>>> print(open('query_7.cif').read())   # mmCIF, C-alpha atoms
data_entry
#
loop_
_atom_site.label_atom_id
_atom_site.label_comp_id
_atom_site.auth_asym_id
_atom_site.auth_seq_id
_atom_site.Cartn_x
_atom_site.Cartn_y
_atom_site.Cartn_z
CA MET A 1286 0.00 0.00 0.00
CA TYR A 1287 2.86 2.40 0.79
CA ASP A 1288 5.49 0.87 -1.51
CA GLU A 1289 5.73 3.90 -3.80
CA ARG A 1290 5.96 6.34 -0.89
CA LEU A 1291 8.64 4.20 0.75
CA ALA A 1292 10.55 4.05 -2.54
CA GLU A 1293 10.31 7.83 -2.88
CA PHE A 1294 11.48 8.30 0.72
CA SER A 1295 14.39 5.95 0.01
CA ARG A 1296 15.40 7.89 -3.11
CA GLU A 1297 15.06 11.30 -1.49
CA ARG A 1298 16.46 10.61 1.99
CA LEU A 1299 18.68 7.51 1.67
CA ASP A 1300 20.03 7.77 -1.89
CA GLY A 1301 18.01 4.72 -2.87
CA ARG A 1302 19.24 2.46 -0.07
CA PRO A 1303 16.67 0.08 1.45
CA VAL A 1304 14.52 1.60 4.19
CA PRO A 1305 15.42 -0.14 7.49
CA ASP A 1306 12.60 -2.21 8.98
CA ASP A 1307 12.01 -0.02 12.03
CA LEU A 1308 12.02 3.14 9.93
CA ARG A 1309 9.46 1.55 7.60
CA VAL A 1310 7.12 0.88 10.57
CA LEU A 1311 7.53 4.43 11.87
CA LEU A 1312 6.95 6.02 8.46
CA VAL A 1313 3.81 4.02 7.75
CA ALA A 1314 2.45 4.89 11.20
CA GLN A 1315 2.99 8.60 10.51
CA TRP A 1316 1.40 8.36 7.05
CA GLU A 1317 -1.60 6.58 8.56
CA GLY A 1318 -2.00 9.38 11.08
CA ARG A 1319 -1.10 7.22 14.06
CA THR A 1320 0.63 9.34 16.70
CA GLU A 1321 1.73 6.82 19.32
CA PHE A 1322 5.31 6.58 18.01
CA THR A 1323 5.56 10.34 17.56
CA ARG A 1324 4.45 10.78 21.17
CA LEU A 1325 6.93 8.22 22.51
CA LEU A 1326 9.94 9.10 20.37
CA ASP A 1327 9.37 12.79 19.56
CA LEU A 1328 9.99 12.16 15.84
CA VAL A 1329 8.31 13.72 12.84
CA PHE A 1330 9.57 12.32 9.55
CA PHE A 1331 10.33 14.52 6.58
CA GLU A 1332 7.68 14.73 3.90
CA ALA A 1333 8.54 14.58 0.22
CA GLY A 1334 10.29 17.69 -1.01
CA GLU A 1335 11.40 19.02 2.38
CA VAL A 1336 14.89 20.45 2.15
CA HIS A 1337 17.73 18.64 3.88
CA PRO A 1338 18.74 20.85 6.86
CA LEU A 1339 22.36 20.98 5.66
CA LEU A 1340 21.18 22.32 2.28
CA ASP A 1341 18.61 24.79 3.59
CA THR A 1342 19.75 28.38 3.07
CA SER A 1343 16.27 29.92 3.11
CA TYR A 1344 16.93 31.56 6.47
CA LEU A 1345 19.91 33.54 5.10
CA SER A 1346 19.64 37.06 3.69
CA GLU A 1347 20.92 37.89 0.19
CA GLU A 1348 23.86 39.65 1.82
CA GLU A 1349 24.72 36.54 3.84
CA LEU A 1350 24.40 34.31 0.77
CA ALA A 1351 26.84 36.57 -1.11
CA ASP A 1352 29.42 36.48 1.71
CA PRO A 1353 32.40 34.28 0.69
CA GLU A 1354 32.76 32.89 4.21
CA MET A 1355 29.09 31.84 4.26
CA GLN A 1356 29.46 30.39 0.76
CA ALA A 1357 32.33 28.23 2.05
CA VAL A 1358 30.22 27.06 4.99
CA ASN A 1359 27.27 26.28 2.71
CA ALA A 1360 29.48 24.39 0.23
CA GLY A 1361 31.02 22.33 3.04
CA ALA A 1362 27.56 21.60 4.43
CA ALA A 1363 26.37 20.51 0.97
CA GLU A 1364 29.27 18.09 0.75
CA MET A 1365 28.40 16.72 4.20
CA ALA A 1366 24.82 16.08 3.06
CA ARG A 1367 26.25 13.28 0.88
CA TYR A 1368 26.98 11.33 4.08
CA VAL A 1369 24.43 12.69 6.58
CA LYS A 1370 21.06 11.12 5.80
CA LEU A 1371 18.62 12.91 8.06
CA VAL A 1372 15.15 11.39 8.10
CA ALA A 1373 13.25 13.10 10.93
CA LYS A 1374 12.86 16.18 13.06
CA GLY A 1375 13.28 15.42 16.73
CA GLY A 1376 15.69 15.37 19.63
CA LYS A 1377 18.05 18.33 19.45
CA GLY A 1378 17.07 19.11 15.86
CA TRP A 1379 17.18 16.28 13.32
CA ILE A 1380 18.18 12.62 13.40
CA GLY A 1381 19.28 10.09 10.85
CA TYR A 1382 22.17 8.02 9.64
CA TRP A 1383 25.90 8.59 9.12
CA LEU A 1384 26.67 6.81 5.83
CA HIS A 1385 30.25 7.78 5.13
CA PRO A 1386 31.96 5.26 2.80
CA ASP A 1387 34.80 4.71 5.30
CA GLU A 1388 32.39 3.38 7.92
CA PRO A 1389 32.32 -0.44 8.13
CA ALA A 1390 29.73 -1.87 5.76
CA ASP A 1391 29.28 -5.05 7.82
CA ARG A 1392 27.40 -3.42 10.69
CA ALA A 1393 24.24 -1.40 11.20
CA TRP A 1394 24.21 2.15 9.91
CA ARG A 1395 25.64 4.55 12.47
CA LEU A 1396 23.14 6.96 13.99
CA LEU A 1397 23.58 10.67 14.46
CA GLU A 1398 21.80 13.79 15.44
CA LEU A 1399 22.32 17.30 14.12
CA ASP A 1400 21.33 20.19 16.33
CA THR A 1401 20.18 23.61 15.23
CA GLU A 1402 23.71 24.99 15.70
CA PHE A 1403 25.02 22.37 13.21
CA THR A 1404 26.75 20.31 15.89
CA PHE A 1405 26.75 16.54 15.35
CA TRP A 1406 25.92 14.09 18.13
CA THR A 1407 26.29 10.31 18.14
CA LEU A 1408 23.16 8.40 19.10
CA LEU A 1409 23.29 5.13 20.99
CA GLY A 1410 21.81 2.00 19.46
CA ARG A 1411 21.76 -0.02 16.27
CA THR A 1412 18.43 1.21 14.91
CA LEU A 1413 16.85 4.61 14.56
CA THR A 1414 14.19 3.56 17.06
CA GLU A 1415 16.79 2.56 19.65
CA GLY A 1416 18.64 5.84 19.12
CA ALA A 1417 15.50 7.94 19.44
CA ALA A 1418 14.38 5.99 22.52
CA ALA A 1419 17.79 6.47 24.16
CA GLU A 1420 17.64 10.19 23.40
CA GLN A 1421 14.13 10.42 24.84
CA ALA A 1422 15.13 8.42 27.93
CA SER A 1423 17.90 10.90 28.68
CA ARG A 1424 15.31 13.71 28.69
CA GLN A 1425 12.58 12.02 30.79
CA ASP A 1426 11.63 13.03 34.30
CA ASP A 1427 12.96 9.74 35.64
CA PRO A 1428 16.15 10.25 37.65
CA ASP A 1429 17.71 7.35 35.75
CA GLU A 1430 17.72 7.00 31.95
CA ARG A 1431 17.93 3.22 32.39
CA THR A 1432 14.47 3.12 33.93
CA ALA A 1433 13.05 5.54 31.36
CA PHE A 1434 14.57 3.52 28.48
CA ALA A 1435 13.18 0.22 29.80
CA ARG A 1436 9.73 1.79 30.05
CA LEU A 1437 9.98 3.19 26.51
CA ALA A 1438 11.22 -0.17 25.20
CA ALA A 1439 8.25 -1.92 26.82
CA ASP A 1440 5.81 0.63 25.36
CA LEU A 1441 7.33 0.24 21.89
CA ALA A 1442 7.20 -3.56 22.11
CA GLU A 1443 3.54 -3.34 23.11
CA LEU A 1444 2.95 -1.31 19.94
CA GLY A 1445 4.68 -3.98 17.83
CA LEU A 1446 8.11 -2.38 17.50
CA PRO A 1447 10.43 -4.29 19.84
CA LEU A 1448 13.95 -2.97 20.34
CA GLY A 1449 17.05 -5.15 20.20
CA THR A 1450 17.45 -4.61 23.93
CA GLN A 1451 15.48 -3.24 26.86
CA GLU A 1452 18.70 -2.41 28.71
CA TYR A 1453 20.08 1.09 28.24
CA ASP A 1454 23.61 -0.07 29.10
CA ALA A 1455 23.47 -2.73 26.35
CA LEU A 1456 22.90 -0.17 23.57
CA ASP A 1457 25.61 -0.05 20.92
CA ASP A 1458 27.86 2.93 21.56
CA THR A 1459 30.48 2.29 18.88
CA GLU A 1460 32.10 5.51 17.77
CA HIS A 1461 32.09 6.61 14.16
CA ARG A 1462 35.25 5.70 12.28
CA VAL A 1463 35.05 9.08 10.55
CA ASP A 1464 34.03 11.82 12.97
CA PRO A 1465 31.27 13.94 11.38
CA GLU A 1466 32.25 17.09 13.25
CA GLU A 1467 35.89 16.85 12.18
CA LEU A 1468 34.96 16.10 8.58
CA MET A 1469 32.61 19.08 8.45
CA GLU A 1470 35.41 21.35 9.65
CA LYS A 1471 37.82 19.93 7.04
CA LEU A 1472 35.29 20.34 4.22
CA ILE A 1473 34.55 23.95 5.19
CA GLU A 1474 38.27 24.68 5.49
CA ALA A 1475 38.84 23.22 2.00
CA GLU A 1476 36.08 25.45 0.65
CA ARG A 1477 37.66 28.48 2.35
CA GLU A 1478 40.97 27.68 0.70
CA LYS A 1479 39.28 27.40 -2.72
CA ARG A 1480 37.94 30.90 -2.19
CA GLY A 1481 41.27 32.30 -0.99
CA LEU A 1482 39.98 32.88 2.54
CA ARG A 1483 42.92 31.15 4.25
#
>>> encode(input="query_7.cif", output="structure tokens")
Amino acid sequence: MYDERLAEFSRERLDGRPVPDDLRVLLVAQWEGRTEFTRLLDLVFFEAGEVHPLLDTSYLSEEELADPEMQAVNAGAAEMARYVKLVAKGGKGWIGYWLHPDEPADRAWRLLELDTEFTFWTLLGRTLTEGAAAEQASRQDDPDERTAFARLAADLAELGLPLGTQEYDALDDTEHRVDPEELMEKLIEAEREKRGLR
């Protein structure tokens, strides 16, 4: 029923890669107007045609767009968008996958979050749902994110979306092989050099 929409989402957000199973469940729930996952995970998935946050320059004035320094930043951000596959608004800003070609291909896609100041954050977990649940657990009123995560995991399982673990401490916390923050700085610096700014 949603095959064409999922294919379009894959083309637009994941460069044609297969949509992970948990993401498929979350997308279909949003498209069907079901809000239980949105409520639990604080995620709203991008609709077709929404601009990737790293490519969005609509908030800049003409003067800012003409500034060589800002042009270098925007060009570096555009290059980063090749590897940063954001799929939803939530958390500190947006969340998605880090798909740099130097990351190991034999493990789950690495998760990341981009905040509104363009700072990258690593998310715990092997799936987008685990990462979003871990992020939510760290912001709950519970004094311990372990308790909050276990409760969220149980709620998600009850809704038919079980996590790989119900234990916060068992979440995958493998670091990225290529650090997104460092790469962004290098790409912007390279763009500055191209423009004679360094």
>>> resolve_selection(input="query_7.cif", expression="the PyMOL selection byres ((chain A and resi 1410-1416) around 6)", output="MDAnalysis selection string")
chainID A and resid 1393 1408:1409 1417:1419 1456:1457
>>> residues_around(input="query_7.cif", residues="Ala1373 (chain A)", least_positions_apart="4", cutoff="7 Å", atoms="all atoms listed in the file", output="ChimeraX atom specification")
/A:1328-1331,1379-1381
>>> write_last_selection(input="query_7.cif", atoms="C-alpha atoms", output="short mmCIF file (atom, residue, chain, number, x, y, z; two decimals), in the coordinates of the input")
data_model
loop_
_atom_site.label_atom_id
_atom_site.label_comp_id
_atom_site.auth_asym_id
_atom_site.auth_seq_id
_atom_site.Cartn_x
_atom_site.Cartn_y
_atom_site.Cartn_z
CA LEU A 1328 9.99 12.16 15.84
CA VAL A 1329 8.31 13.72 12.84
CA PHE A 1330 9.57 12.32 9.55
CA PHE A 1331 10.33 14.52 6.58
CA TRP A 1379 17.18 16.28 13.32
CA ILE A 1380 18.18 12.62 13.40
CA GLY A 1381 19.28 10.09 10.85
#
>>> resolve_selection(input="query_7.cif", expression="the PyMOL selection byres ((chain A and resi 1336) around 12)", output="VMD selection string")
chain A and resid 1297 to 1298 1331 to 1335 1337 to 1343 1363 1366 1370 to 1374
>>> closest_residue(input="query_7.cif", among="A:Glu1466, A:Ala1455, A:Glu1347, A:Trp1316", to="Asp1400 (chain A)", atoms="all atoms listed in the file")
A:Glu1466
>>> atom_distance(input="query_7.cif", atom1="CA of His1461 (chain A)", atom2="CA of Glu1388 (chain A)")
7.0 Å
>>> residues_around(input="query_7.cif", residues="Glu1470 (chain A)", least_positions_apart="5", cutoff="12 Å", atoms="only C-alpha atoms", output="ChimeraX atom specification")
/A:1357-1362,1364-1365,1403-1405,1464-1465,1475-1477
>>> atom_distance(input="query_7.cif", atom1="CA of Val1463 (chain A)", atom2="CA of His1385 (chain A)")
7.4 Å
>>> resolve_selection(input="query_7.cif", expression="the PyMOL selection byres ((chain A and resi 1286) around 12)", output="VMD selection string")
chain A and resid 1287 to 1292 1313 1316 to 1317
>>> atom_distance(input="query_7.cif", atom1="CA of Lys1471 (chain A)", atom2="CA of Ala1390 (chain A)")
23.3 Å
>>> closest_residue(input="query_7.cif", among="A:Leu1448, A:Leu1468, A:Leu1308, A:Leu1350", to="Asp1387 (chain A)", atoms="all atoms listed in the file")
A:Leu1468
>>> closest_residue(input="query_7.cif", among="A:Glu1402, A:Met1355, A:Glu1474, A:Leu1384", to="Arg1302 (chain A)", atoms="only C-alpha atoms")
A:Leu1384
>>> closest_residue(input="query_7.cif", among="A:Phe1322, A:Leu1299, A:Pro1305, A:Pro1389", to="Ala1438 (chain A)", atoms="all atoms listed in the file")
A:Phe1322
